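Coordinates from data.csv are shown below (CSV, C-alpha atoms).
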chain,number,residue,atom,x,y,z
A,1,MET,CA,-29.8,45.1,-112.4
A,2,ILE,CA,-33.3,43.6,-112.4
A,3,TYR,CA,-35.5,44.8,-115.2
A,4,LEU,CA,-39.2,44.9,-114.4
A,5,ASP,CA,-40.2,47.7,-116.8
A,6,TYR,CA,-41.4,45.6,-119.7
A,7,ALA,CA,-44.5,47.8,-120.2
A,8,ALA,CA,-42.1,50.6,-121.2
A,9,SER,CA,-40.1,48.5,-123.6
A,10,THR,CA,-38.8,45.0,-124.1
A,11,PRO,CA,-35.5,43.5,-125.2
A,12,VAL,CA,-35.5,42.4,-128.9
A,13,ASP,CA,-35.7,38.7,-129.3
A,14,PRO,CA,-32.5,37.3,-130.9
A,15,ALA,CA,-34.5,35.6,-133.6
A,16,ILE,CA,-35.9,39.0,-134.6
A,17,ILE,CA,-32.5,40.5,-134.7
A,18,ASP,CA,-31.4,37.7,-137.0
A,19,ALA,CA,-34.4,38.2,-139.3
A,20,MET,CA,-33.7,42.0,-139.5
A,21,SER,CA,-30.0,41.5,-140.1
A,22,ALA,CA,-30.8,39.0,-142.9
A,23,ALA,CA,-33.2,41.5,-144.4
A,24,MET,CA,-30.5,44.2,-144.4
A,25,ALA,CA,-27.7,42.0,-145.6
A,26,ALA,CA,-29.3,40.0,-148.4
A,27,PRO,CA,-28.4,41.4,-151.9
A,28,GLY,CA,-31.1,43.6,-153.3
A,29,ASN,CA,-33.0,44.1,-150.1
A,30,TYR,CA,-31.6,47.7,-149.9
A,31,ALA,CA,-33.8,48.6,-152.8
A,32,ASN,CA,-36.8,51.0,-152.4
A,33,PRO,CA,-40.0,49.0,-152.0
A,34,SER,CA,-41.7,51.5,-154.2
A,35,SER,CA,-39.5,50.7,-157.1
A,36,THR,CA,-40.9,48.5,-159.9
A,37,HIS,CA,-37.7,46.7,-160.8
A,38,SER,CA,-36.8,43.2,-159.6
A,39,GLU,CA,-34.9,44.3,-156.5
A,40,GLY,CA,-37.7,46.7,-155.5
A,41,ARG,CA,-40.2,43.8,-155.8
A,42,GLN,CA,-37.9,41.7,-153.6
A,43,SER,CA,-38.2,44.3,-150.9
A,44,ILE,CA,-42.0,44.6,-151.2
A,45,ASP,CA,-42.2,40.8,-151.1
A,46,LEU,CA,-40.5,40.8,-147.6
A,47,ILE,CA,-42.9,43.5,-146.5
A,48,SER,CA,-45.9,41.6,-147.8
A,49,ALA,CA,-44.8,38.5,-145.9
A,50,ALA,CA,-44.5,40.5,-142.7
A,51,ALA,CA,-48.0,41.9,-143.2
A,52,GLU,CA,-49.3,38.3,-143.5
A,53,ARG,CA,-47.7,37.4,-140.2
A,54,LEU,CA,-49.1,40.5,-138.3
A,55,ALA,CA,-52.5,40.0,-139.9
A,56,ALA,CA,-52.5,36.4,-138.8
A,57,LEU,CA,-51.7,37.4,-135.2
A,58,VAL,CA,-54.8,39.7,-135.0
A,59,ASN,CA,-56.9,37.7,-137.5
A,60,THR,CA,-57.5,40.2,-140.3
A,61,SER,CA,-56.6,40.8,-143.9
A,62,PRO,CA,-53.0,42.1,-144.6
A,63,ASP,CA,-54.4,44.9,-146.8
A,64,ARG,CA,-56.1,46.4,-143.7
A,65,LEU,CA,-52.8,47.3,-142.1
A,66,ILE,CA,-50.9,50.6,-142.5
A,67,TRP,CA,-47.3,50.6,-141.4
A,68,THR,CA,-46.3,53.5,-139.1
A,69,SER,CA,-43.4,54.5,-136.9
A,70,GLY,CA,-45.1,53.2,-133.8
A,71,ALA,CA,-48.3,53.3,-131.7
A,72,THR,CA,-48.0,57.1,-131.1
A,73,GLU,CA,-48.1,57.8,-134.8
A,74,SER,CA,-50.9,55.2,-135.3
A,75,ASP,CA,-52.9,56.8,-132.5
A,76,ASN,CA,-52.5,60.3,-134.0
A,77,LEU,CA,-53.3,59.1,-137.6
A,78,ALA,CA,-56.4,57.3,-136.3
A,79,ILE,CA,-57.7,60.1,-134.2
A,80,PHE,CA,-56.9,63.2,-136.3
A,81,GLY,CA,-57.6,61.3,-139.5
A,82,ALA,CA,-61.0,59.9,-138.5
A,83,ALA,CA,-62.2,63.1,-136.8
A,84,THR,CA,-61.4,65.3,-139.8
A,85,TYR,CA,-62.7,62.9,-142.3
A,86,ARG,CA,-66.1,62.7,-140.5
A,87,GLN,CA,-66.4,66.2,-139.2
A,88,ASP,CA,-69.2,67.2,-141.6
A,89,ARG,CA,-71.3,64.5,-139.9
A,90,GLY,CA,-70.6,65.7,-136.3
A,91,ARG,CA,-67.8,67.0,-134.1
A,92,HIS,CA,-68.4,65.2,-130.9
A,93,LEU,CA,-65.7,62.8,-129.7
A,94,VAL,CA,-65.5,60.6,-126.6
A,95,SER,CA,-62.5,59.2,-124.7
A,96,MET,CA,-61.4,58.4,-121.1
A,97,ARG,CA,-59.1,60.4,-118.8
A,98,THR,CA,-57.0,57.3,-118.3
A,99,GLU,CA,-55.8,57.0,-121.9
A,100,HIS,CA,-52.2,57.3,-122.9
A,101,LYS,CA,-50.9,60.8,-123.8
A,102,ALA,CA,-50.8,59.7,-127.4
A,103,VAL,CA,-54.6,59.7,-127.3
A,104,THR,CA,-55.4,62.4,-124.7
A,105,ASP,CA,-53.2,65.0,-126.3
A,106,PRO,CA,-54.7,64.6,-129.8
A,107,PHE,CA,-58.2,64.9,-128.3
A,108,ALA,CA,-57.2,68.0,-126.4
A,109,THR,CA,-55.8,69.5,-129.6
A,110,LEU,CA,-59.0,68.7,-131.5
A,111,ALA,CA,-61.0,70.4,-128.7
A,112,LYS,CA,-59.0,73.6,-129.4
A,113,ARG,CA,-59.9,73.3,-133.1
A,114,GLY,CA,-63.7,73.3,-132.4
A,115,PHE,CA,-64.5,69.7,-131.7
A,116,GLU,CA,-66.3,68.8,-128.5
A,117,VAL,CA,-64.7,66.1,-126.3
A,118,THR,CA,-66.5,64.2,-123.6
A,119,TRP,CA,-64.1,62.6,-121.1
A,120,VAL,CA,-65.7,59.5,-119.4
A,121,ASP,CA,-64.5,58.9,-115.9
A,122,PRO,CA,-63.4,55.3,-115.0
A,123,GLU,CA,-64.8,53.2,-112.3
A,124,PRO,CA,-62.6,52.8,-109.2
A,125,ASP,CA,-60.7,49.9,-110.7
A,126,GLY,CA,-60.1,51.7,-114.0
A,127,ARG,CA,-62.7,50.0,-116.2
A,128,VAL,CA,-65.3,52.0,-118.1
A,129,ASP,CA,-69.0,51.4,-117.2
A,130,LEU,CA,-70.8,50.6,-120.4
A,131,GLY,CA,-74.0,52.2,-119.2
A,132,LYS,CA,-72.2,55.5,-118.5
A,133,LEU,CA,-70.4,55.3,-121.8
A,134,GLU,CA,-73.7,54.8,-123.6
A,135,SER,CA,-75.3,57.7,-121.8
A,136,VAL,CA,-72.8,60.2,-123.3
A,137,LEU,CA,-73.1,59.0,-126.9
A,138,ARG,CA,-75.0,61.4,-129.1
A,139,ASP,CA,-76.3,61.7,-132.6
A,140,ASP,CA,-73.3,63.8,-133.5
A,141,THR,CA,-70.7,61.5,-131.9
A,142,GLN,CA,-68.3,60.4,-134.5
A,143,LEU,CA,-65.4,58.8,-132.7
A,144,VAL,CA,-64.7,56.9,-129.5
A,145,SER,CA,-61.2,56.0,-128.4
A,146,ILE,CA,-60.7,53.7,-125.4
A,147,MET,CA,-57.6,51.5,-125.1
A,148,HIS,CA,-57.5,47.7,-124.6
A,149,VAL,CA,-54.9,47.4,-121.8
A,150,ASN,CA,-54.0,50.4,-119.7
A,151,ASN,CA,-50.2,51.1,-119.8
A,152,GLU,CA,-50.1,52.1,-116.1
A,153,THR,CA,-52.5,49.9,-114.3
A,154,GLY,CA,-52.9,47.0,-116.7
A,155,ILE,CA,-56.6,47.1,-116.6
A,156,ILE,CA,-58.3,45.3,-119.5
A,157,GLN,CA,-61.3,47.0,-121.1
A,158,ASP,CA,-64.2,45.2,-122.7
A,159,ILE,CA,-63.4,46.4,-126.2
A,160,GLY,CA,-66.0,44.0,-127.7
A,161,GLY,CA,-68.8,45.6,-125.6
A,162,ILE,CA,-67.6,49.1,-126.2
A,163,GLY,CA,-67.3,48.5,-129.9
A,164,ALA,CA,-70.9,47.0,-130.0
A,165,LEU,CA,-72.2,50.3,-128.5
A,166,CYS,CA,-70.4,52.3,-131.2
A,167,ARG,CA,-71.3,50.0,-134.1
A,168,ASP,CA,-75.0,50.2,-133.3
A,169,ARG,CA,-74.9,54.0,-133.6
A,170,GLY,CA,-72.6,54.3,-136.6
A,171,ILE,CA,-69.7,55.7,-134.4
A,172,LEU,CA,-66.1,54.8,-135.2
A,173,TYR,CA,-64.3,53.0,-132.4
A,174,HIS,CA,-60.5,53.3,-132.1
A,175,VAL,CA,-58.4,51.0,-129.8
A,176,ASP,CA,-54.9,51.7,-128.6
A,177,ALA,CA,-53.6,48.2,-128.4
A,178,ALA,CA,-49.9,49.0,-127.7
A,179,GLN,CA,-50.0,47.0,-124.5
A,180,SER,CA,-52.1,44.1,-125.8
A,181,CYS,CA,-51.1,43.3,-129.3
A,182,GLY,CA,-49.0,40.1,-129.2
A,183,LYS,CA,-49.9,39.6,-125.5
A,184,LEU,CA,-53.6,38.9,-125.5
A,185,PRO,CA,-55.8,37.2,-128.1
A,186,ILE,CA,-57.2,39.7,-130.6
A,187,ASP,CA,-59.7,38.7,-133.4
A,188,LEU,CA,-60.3,41.8,-135.6
A,189,ASP,CA,-62.6,39.9,-137.9
A,190,ALA,CA,-64.9,39.2,-135.0
A,191,LEU,CA,-64.5,42.4,-132.9
A,192,PRO,CA,-66.5,45.5,-133.7
A,193,VAL,CA,-63.4,47.6,-133.8
A,194,ASP,CA,-62.7,50.1,-136.7
A,195,LEU,CA,-59.2,51.4,-135.9
A,196,MET,CA,-56.5,49.7,-133.9
A,197,SER,CA,-53.0,51.0,-133.1
A,198,MET,CA,-50.1,48.5,-132.6
A,199,THR,CA,-46.4,48.6,-132.0
A,200,ALA,CA,-43.6,46.1,-132.0
A,201,HIS,CA,-41.3,47.1,-129.2
A,202,LYS,CA,-43.8,46.3,-126.5
A,203,PHE,CA,-43.5,42.6,-127.3
A,204,TYR,CA,-39.9,41.9,-128.1
A,205,GLY,CA,-39.7,43.6,-131.5
A,206,PRO,CA,-37.8,46.6,-132.7
A,207,LYS,CA,-38.5,50.2,-131.8
A,208,GLY,CA,-39.6,52.6,-134.5
A,209,THR,CA,-42.2,50.4,-136.2
A,210,GLY,CA,-45.9,50.1,-135.7
A,211,ALA,CA,-49.2,49.6,-137.6
A,212,LEU,CA,-52.7,50.9,-137.8
A,213,TYR,CA,-55.6,48.6,-138.6
A,214,ILE,CA,-58.4,50.2,-140.6
A,215,ALA,CA,-61.5,48.1,-140.9
A,216,ASP,CA,-62.9,47.3,-144.4
A,217,ARG,CA,-66.3,48.9,-143.6
A,218,LYS,CA,-68.4,51.7,-145.2
A,219,GLY,CA,-67.6,55.0,-143.5
A,220,VAL,CA,-64.3,53.8,-142.0
A,221,HIS,CA,-61.6,56.0,-143.3
A,222,VAL,CA,-58.9,58.4,-142.1
A,223,ASP,CA,-57.5,61.6,-143.7
A,224,PRO,CA,-53.7,61.4,-144.0
A,225,MET,CA,-51.4,63.6,-141.8
A,226,LEU,CA,-48.4,63.2,-144.0
A,227,PHE,CA,-48.0,64.0,-147.7
A,228,GLY,CA,-45.4,63.5,-150.4
A,229,GLY,CA,-46.0,60.0,-151.9
A,230,GLY,CA,-48.4,57.4,-153.0
A,231,GLN,CA,-47.3,54.6,-150.6
A,232,GLN,CA,-49.9,52.8,-148.5
A,233,ARG,CA,-53.0,54.1,-150.3
A,234,ARG,CA,-51.6,57.7,-149.7
A,235,LEU,CA,-52.7,57.4,-146.1
A,236,ARG,CA,-49.1,57.2,-144.8
A,237,PRO,CA,-46.6,58.1,-147.5
A,238,GLY,CA,-42.9,57.6,-147.2
A,239,THR,CA,-40.3,54.9,-148.0
A,240,LEU,CA,-41.1,51.8,-146.1
A,241,PRO,CA,-38.3,50.6,-143.7
A,242,THR,CA,-38.0,47.0,-144.9
A,243,GLN,CA,-35.8,45.7,-142.1
A,244,GLN,CA,-38.1,47.2,-139.4
A,245,ILE,CA,-41.2,45.8,-140.9
A,246,VAL,CA,-39.5,42.3,-141.3
A,247,GLY,CA,-38.7,42.6,-137.6
A,248,PHE,CA,-42.4,43.3,-136.8
A,249,GLY,CA,-43.5,40.4,-138.8
A,250,GLU,CA,-41.1,38.0,-137.0
A,251,THR,CA,-42.2,39.5,-133.7
A,252,ALA,CA,-45.9,38.7,-134.6
A,253,ALA,CA,-45.0,35.2,-135.6
A,254,ILE,CA,-43.2,34.4,-132.4
A,255,ALA,CA,-45.9,36.0,-130.3
A,256,ALA,CA,-48.6,33.9,-132.0
A,257,GLN,CA,-46.7,30.7,-131.0
A,258,ARG,CA,-45.9,31.7,-127.5
A,259,MET,CA,-49.0,33.7,-126.3
A,260,ASN,CA,-50.5,31.1,-124.0
A,261,GLN,CA,-47.1,30.2,-122.6
A,262,ASP,CA,-46.3,33.8,-122.0
A,263,LEU,CA,-49.6,34.6,-120.3
A,264,ALA,CA,-49.2,31.6,-117.9
A,265,HIS,CA,-45.6,32.7,-117.1
A,266,LEU,CA,-46.7,36.4,-116.5
A,267,ARG,CA,-49.5,35.3,-114.3
A,268,ALA,CA,-47.3,33.1,-112.1
A,269,LEU,CA,-44.7,36.0,-111.8
A,270,ARG,CA,-47.3,38.6,-110.8
A,271,ASP,CA,-49.0,36.2,-108.3
A,272,ARG,CA,-45.6,35.4,-106.8
A,273,PHE,CA,-44.6,39.0,-106.5
A,274,TRP,CA,-48.0,40.1,-104.9
A,275,ALA,CA,-47.9,37.1,-102.5
A,276,GLY,CA,-44.5,38.4,-101.3
A,277,ILE,CA,-45.5,41.9,-100.5
A,278,ARG,CA,-49.3,41.8,-99.8
A,279,ASP,CA,-48.9,41.6,-96.1
A,280,LEU,CA,-47.2,45.0,-95.9
A,281,PRO,CA,-49.7,47.4,-94.3
A,282,GLY,CA,-51.0,50.3,-96.3
A,283,LEU,CA,-50.6,48.8,-99.8
A,284,VAL,CA,-53.1,49.7,-102.5
A,285,VAL,CA,-53.4,47.9,-105.9
A,286,ASN,CA,-54.1,50.5,-108.6
A,287,GLY,CA,-56.4,48.6,-111.0
A,288,SER,CA,-57.6,45.1,-110.5
A,289,LEU,CA,-55.9,41.7,-110.2
A,290,GLU,CA,-59.1,40.1,-111.5
A,291,HIS,CA,-59.5,42.3,-114.5
A,292,GLY,CA,-55.9,43.3,-115.2
A,293,PHE,CA,-53.3,42.1,-117.6
A,294,PRO,CA,-50.9,39.8,-115.6
A,295,GLY,CA,-47.8,41.5,-117.0
A,296,ILE,CA,-48.5,44.7,-115.0
A,297,LEU,CA,-48.9,45.3,-111.3
A,298,ASN,CA,-49.2,48.9,-110.0
A,299,VAL,CA,-49.0,49.4,-106.3
A,300,SER,CA,-49.1,52.4,-104.0
A,301,ALA,CA,-47.7,52.5,-100.5
A,302,GLU,CA,-49.2,54.8,-97.8
A,303,GLY,CA,-46.7,56.9,-96.0
A,304,VAL,CA,-44.0,56.7,-98.6
A,305,GLU,CA,-42.7,59.4,-101.0
A,306,GLY,CA,-42.5,58.1,-104.6
A,307,GLU,CA,-39.2,59.6,-105.8
A,308,SER,CA,-37.4,58.4,-102.6
A,309,LEU,CA,-38.9,54.9,-103.1
A,310,LEU,CA,-37.8,54.7,-106.7
A,311,LEU,CA,-34.2,55.6,-105.6
A,312,ALA,CA,-34.3,53.2,-102.7
A,313,LEU,CA,-35.3,50.4,-105.1
A,314,GLU,CA,-32.1,50.6,-107.2
A,315,PRO,CA,-30.9,48.4,-108.9
A,316,LEU,CA,-34.5,47.5,-109.6
A,317,CYS,CA,-35.6,49.0,-112.9
A,318,VAL,CA,-39.3,49.9,-112.5
A,319,ALA,CA,-41.5,52.9,-113.3
A,320,THR,CA,-43.6,55.4,-111.4
A,321,GLY,CA,-46.1,55.7,-114.3
A,322,SER,CA,-46.1,55.8,-118.1
A,323,ALA,CA,-42.6,55.8,-119.6
A,324,CYS,CA,-43.7,58.7,-121.8
A,325,ASN,CA,-44.6,60.8,-118.8
A,326,SER,CA,-41.9,59.6,-116.3
A,327,LYS,CA,-39.9,62.8,-116.2
A,328,SER,CA,-42.9,64.8,-114.9
A,329,GLN,CA,-42.9,65.5,-111.2
A,330,GLU,CA,-46.7,65.6,-111.2
A,331,PRO,CA,-48.7,62.6,-109.8
A,332,SER,CA,-50.0,60.2,-112.4
A,333,TYR,CA,-53.1,61.7,-114.0
A,334,VAL,CA,-54.3,58.1,-114.6
A,335,LEU,CA,-54.2,57.3,-110.9
A,336,ARG,CA,-55.8,60.6,-109.9
A,337,ALA,CA,-58.6,59.8,-112.3
A,338,LEU,CA,-59.1,56.6,-110.3
A,339,GLY,CA,-59.6,58.7,-107.2
A,340,ARG,CA,-56.2,58.3,-105.7
A,341,SER,CA,-54.8,61.2,-103.5
A,342,ASP,CA,-51.7,63.0,-104.7
A,343,GLU,CA,-49.7,61.2,-102.0
A,344,LEU,CA,-50.9,57.7,-103.0
A,345,ALA,CA,-50.4,58.5,-106.7
A,346,GLN,CA,-46.9,59.7,-106.1
A,347,SER,CA,-46.0,56.5,-104.2
A,348,ALA,CA,-47.2,54.3,-107.0
A,349,ILE,CA,-44.7,51.9,-108.6
A,350,ARG,CA,-45.5,50.0,-111.8
A,351,PHE,CA,-43.9,46.6,-111.9
A,352,SER,CA,-44.1,45.0,-115.3
A,353,PHE,CA,-42.9,41.5,-116.1
A,354,GLY,CA,-41.7,39.9,-119.2
A,355,ARG,CA,-40.7,36.7,-121.0
A,356,PRO,CA,-37.1,36.7,-119.6
A,357,THR,CA,-38.2,37.4,-115.9
A,358,THR,CA,-37.2,34.7,-113.5
A,359,ASP,CA,-38.6,33.6,-110.1
A,360,ALA,CA,-35.2,34.5,-108.6
A,361,GLU,CA,-35.6,38.1,-109.9
A,362,ILE,CA,-39.1,38.3,-108.5
A,363,ASP,CA,-37.9,37.1,-105.1
A,364,ALA,CA,-35.1,39.7,-105.1
A,365,ALA,CA,-37.5,42.4,-106.1
A,366,VAL,CA,-39.8,41.4,-103.2
A,367,GLU,CA,-37.0,41.8,-100.8
A,368,LEU,CA,-35.9,45.2,-102.3
A,369,TYR,CA,-39.5,46.6,-102.2
A,370,ARG,CA,-40.2,45.3,-98.6
A,371,GLY,CA,-37.0,46.7,-97.4
A,372,ALA,CA,-37.3,50.1,-99.1
A,373,VAL,CA,-40.9,50.7,-97.9
A,374,THR,CA,-40.1,49.7,-94.3
A,375,ARG,CA,-36.9,51.9,-94.2
A,376,LEU,CA,-38.7,55.0,-95.7
A,377,ARG,CA,-41.6,54.7,-93.3
A,378,GLN,CA,-39.1,54.5,-90.4
A,379,LEU,CA,-37.3,57.6,-91.6
A,380,ALA,CA,-40.4,59.7,-92.2
A,381,PRO,CA,-43.3,58.2,-90.3
A,382,VAL,CA,-46.7,59.6,-91.3
A,383,ALA,CA,-49.0,60.6,-88.4
A,384,ALA,CA,-52.2,58.5,-88.2
Rewritten as structure tokens:
Amino acid sequence: MIYLDYAASTPVDPAIIDAMSAAMAAPGNYANPSSTHSEGRQSIDLISAAAERLAALVNTSPDRLIWTSGATESDNLAIFGAATYRQDRGRHLVSMRTEHKAVTDPFATLAKRGFEVTWVDPEPDGRVDLGKLESVLRDDTQLVSIMHVNNETGIIQDIGGIGALCRDRGILYHVDAAQSCGKLPIDLDALPVDLMSMTAHKFYGPKGTGALYIADRKGVHVDPMLFGGGQQRRLRPGTLPTQQIVGFGETAAIAAQRMNQDLAHLRALRDRFWAGIRDLPGLVVNGSLEHGFPGILNVSAEGVEGESLLLALEPLCVATGSACNSKSQEPSYVLRALGRSDELAQSAIRFSFGRPTTDAEIDAAVELYRGAVTRLRQLAPVAA
């Protein structure tokens, strides 16, 4: 088995497992962090330390972070919470058709509730044109949500430029950073970003824990979606999972130390893989090597059926699109938004690389992909 699906999820770093195990095993750490007795304070101290570590990773204050169950919940809390809180000022919302379902589905739901949503089309490489974005912003626009790194193509958006457009007009800007937190430098004290969603399992941390950054700025607020307790400023009530949050804190600390090293490693892996397959005729890169995160390479092959290609690549673990949408037989809506035909979109394979990936695995994956594409084209040649 060769695992090249790190954009879907990553193995938990052994140091993080140790930190979580210690948090669960130490006497008193089982106490409810909401309790005021000494053992409850012990649990909240662990959570506070984790918040300090995550805050340091993205350069913000720990009290700006709300713990959630993951990026999907953070996206939903940010979008529904901000839209409803500001609906008396305007009900116009803006996003892109290439966003993750955790963003597009909430926007579609809000549209059914009387909000007006403008979907901005991407440029051919997947980036948003700032001029086009500016042209759709209105006096009643209250929220823009555009992700940092696309989960299918790896394209990196100019979140600083997008945020500046929004900030000048008093519009809240939400960023889904599930694919960039811990992988790319993020400075929330400098960026004009109001809301940012994060998750641990995309960069070697545990599943089931995430965070939402809420800027300390006038007019930046979200209405809660959950009710039943006073935790986390009543914005996200519920007993905090101490061991999960400790794991997220350790994940952030390791990422901060290794980020430059990891980026160099990923870039070398991607370039090695692309060099090994690029001479195959009829390959199309979905996204951009120049403007893409080096941990993701999405490639379509002309004249190849996607499901057959995926089966032919075993034991290579890769994806045909977003992990959350992988069971759908429909072509990727992200790639169709880039202008790809159904045939090209269905033949797309997302290769995503990680910290444990080796050169030998890349070389083996190259041979598997070249062989699979060649065999499938011979079996079912497409007429010119």
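Of the residues listed (A:Tyr6, A:Phe107, A:Phe248, A:Tyr85), A:Tyr6 shows the shortest atom-to-atom separation from A:Leu266; distances use only C-alpha atoms.
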Around (-65.5, 49.1, -108.5) in the file's frame, which residues reach within 12 Å when counting all atoms listed in the file? Return as a PDB file with C-alpha atoms, in the frame of the given file?
ATOM      1  CA  PRO A 122     -63.400  55.300-115.000  1.00  0.00           C
ATOM      2  CA  GLU A 123     -64.800  53.200-112.300  1.00  0.00           C
ATOM      3  CA  PRO A 124     -62.600  52.800-109.200  1.00  0.00           C
ATOM      4  CA  ASP A 125     -60.700  49.900-110.700  1.00  0.00           C
ATOM      5  CA  GLY A 126     -60.100  51.700-114.000  1.00  0.00           C
ATOM      6  CA  ARG A 127     -62.700  50.000-116.200  1.00  0.00           C
ATOM      7  CA  VAL A 128     -65.300  52.000-118.100  1.00  0.00           C
ATOM      8  CA  ASP A 129     -69.000  51.400-117.200  1.00  0.00           C
ATOM      9  CA  ASN A 286     -54.100  50.500-108.600  1.00  0.00           C
ATOM     10  CA  GLY A 287     -56.400  48.600-111.000  1.00  0.00           C
ATOM     11  CA  SER A 288     -57.600  45.100-110.500  1.00  0.00           C
ATOM     12  CA  GLU A 290     -59.100  40.100-111.500  1.00  0.00           C
ATOM     13  CA  HIS A 291     -59.500  42.300-114.500  1.00  0.00           C
ATOM     14  CA  LEU A 338     -59.100  56.600-110.300  1.00  0.00           C
ATOM     15  CA  GLY A 339     -59.600  58.700-107.200  1.00  0.00           C
TER      16      GLY A 339
END
- Expected answer as a PyMOL selection string: all residues with atoms within 12 Å of (-60.9, 42.8, -122.8), all atoms listed in the file: chain A and resi 127-128+146-150+154-163+175+177+179-181+183-187+191+290-293
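Rounded to one decimal, atom CA of A:Ile66 and atom CA of A:Ala252 lie 15.1 Å from each other.
Using only C-alpha atoms, the shortest contact distance between A:Ala22 and any of A:Gly230, A:Gly276, A:Pro281, A:Gly247 is found at A:Gly247.
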- Query: Near A:Lys218, within 12 Å and counting only C-alpha atoms, which residues show up once chain neighbours fewer than 6 positions away are dropped, as a PyMOL selection string?
  - Reply: chain A and resi 167+170-172+194
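Among the candidates A:Trp67, A:Leu46, A:Ser352, A:Thr98, the residue lying nearest to A:Ala337 is A:Thr98 (atoms considered: only C-alpha atoms).
Checking A:Thr118, A:Thr357, A:Ser43, A:Gln346 one by one against A:Asp262, counting only C-alpha atoms, you find the shortest gap at A:Thr357.
Proximity to A:Ser35 was assessed for A:Met259, A:Ile245, A:Leu240, A:Met225 counting all atoms listed in the file; the smallest distance is recorded for A:Leu240.
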- Considering all atoms listed in the file, state which residue in the set A:Phe273, A:Tyr213, A:Tyr369, A:Phe351 is at the smallest distance from A:Asp75. A:Tyr213
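Using only C-alpha atoms, the contacts of A:Arg89 at a cut-off of 10 Å, with sequence neighbours closer than 6 positions omitted, comprise Ala83, Asp139, Asp140, Thr141 and Gln142 of chain A.
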Save stretch 235-276 of chain A to a file: C-alpha atoms, as a PDB file, in the first residue's frame.
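Saved result, part_32.pdb, follows:
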ATOM      1  CA  LEU A 235     -20.871  30.484  21.131  1.00  0.00           C
ATOM      2  CA  ARG A 236     -20.174  26.761  21.173  1.00  0.00           C
ATOM      3  CA  PRO A 237     -21.457  25.119  24.365  1.00  0.00           C
ATOM      4  CA  GLY A 238     -20.659  21.582  25.435  1.00  0.00           C
ATOM      5  CA  THR A 239     -18.064  19.821  27.549  1.00  0.00           C
ATOM      6  CA  LEU A 240     -14.640  20.372  26.027  1.00  0.00           C
ATOM      7  CA  PRO A 241     -12.756  17.163  25.038  1.00  0.00           C
ATOM      8  CA  THR A 242      -9.514  17.758  26.921  1.00  0.00           C
ATOM      9  CA  GLN A 243      -7.439  15.036  25.268  1.00  0.00           C
ATOM     10  CA  GLN A 244      -8.525  16.044  21.740  1.00  0.00           C
ATOM     11  CA  ILE A 245      -7.645  19.675  22.342  1.00  0.00           C
ATOM     12  CA  VAL A 246      -4.298  18.715  23.885  1.00  0.00           C
ATOM     13  CA  GLY A 247      -3.660  16.749  20.695  1.00  0.00           C
ATOM     14  CA  PHE A 248      -4.483  19.792  18.563  1.00  0.00           C
ATOM     15  CA  GLY A 249      -2.104  21.919  20.614  1.00  0.00           C
ATOM     16  CA  GLU A 250       0.722  19.428  20.175  1.00  0.00           C
ATOM     17  CA  THR A 251      -0.089  19.213  16.457  1.00  0.00           C
ATOM     18  CA  ALA A 252       0.250  22.991  16.169  1.00  0.00           C
ATOM     19  CA  ALA A 253       3.541  23.061  18.072  1.00  0.00           C
ATOM     20  CA  ILE A 254       5.109  20.395  15.848  1.00  0.00           C
ATOM     21  CA  ALA A 255       3.827  22.086  12.677  1.00  0.00           C
ATOM     22  CA  ALA A 256       5.325  25.411  13.722  1.00  0.00           C
ATOM     23  CA  GLN A 257       8.742  23.763  14.079  1.00  0.00           C
ATOM     24  CA  ARG A 258       8.581  21.737  10.862  1.00  0.00           C
ATOM     25  CA  MET A 259       6.710  23.977   8.403  1.00  0.00           C
ATOM     26  CA  ASN A 260       9.651  25.071   6.243  1.00  0.00           C
ATOM     27  CA  GLN A 261      11.096  21.573   6.229  1.00  0.00           C
ATOM     28  CA  ASP A 262       7.723  20.054   5.330  1.00  0.00           C
ATOM     29  CA  LEU A 263       7.125  22.518   2.484  1.00  0.00           C
ATOM     30  CA  ALA A 264      10.527  21.798   0.947  1.00  0.00           C
ATOM     31  CA  HIS A 265       9.866  18.053   1.227  1.00  0.00           C
ATOM     32  CA  LEU A 266       6.421  18.322  -0.383  1.00  0.00           C
ATOM     33  CA  ARG A 267       7.711  20.467  -3.222  1.00  0.00           C
ATOM     34  CA  ALA A 268      10.456  17.960  -4.003  1.00  0.00           C
ATOM     35  CA  LEU A 269       7.938  15.093  -3.965  1.00  0.00           C
ATOM     36  CA  ARG A 270       5.453  16.858  -6.233  1.00  0.00           C
ATOM     37  CA  ASP A 271       8.142  17.893  -8.702  1.00  0.00           C
ATOM     38  CA  ARG A 272       9.540  14.348  -8.756  1.00  0.00           C
ATOM     39  CA  PHE A 273       6.119  12.858  -9.412  1.00  0.00           C
ATOM     40  CA  TRP A 274       5.226  15.372 -12.132  1.00  0.00           C
ATOM     41  CA  ALA A 275       8.607  14.906 -13.835  1.00  0.00           C
ATOM     42  CA  GLY A 276       7.901  11.177 -13.958  1.00  0.00           C
TER      43      GLY A 276
END
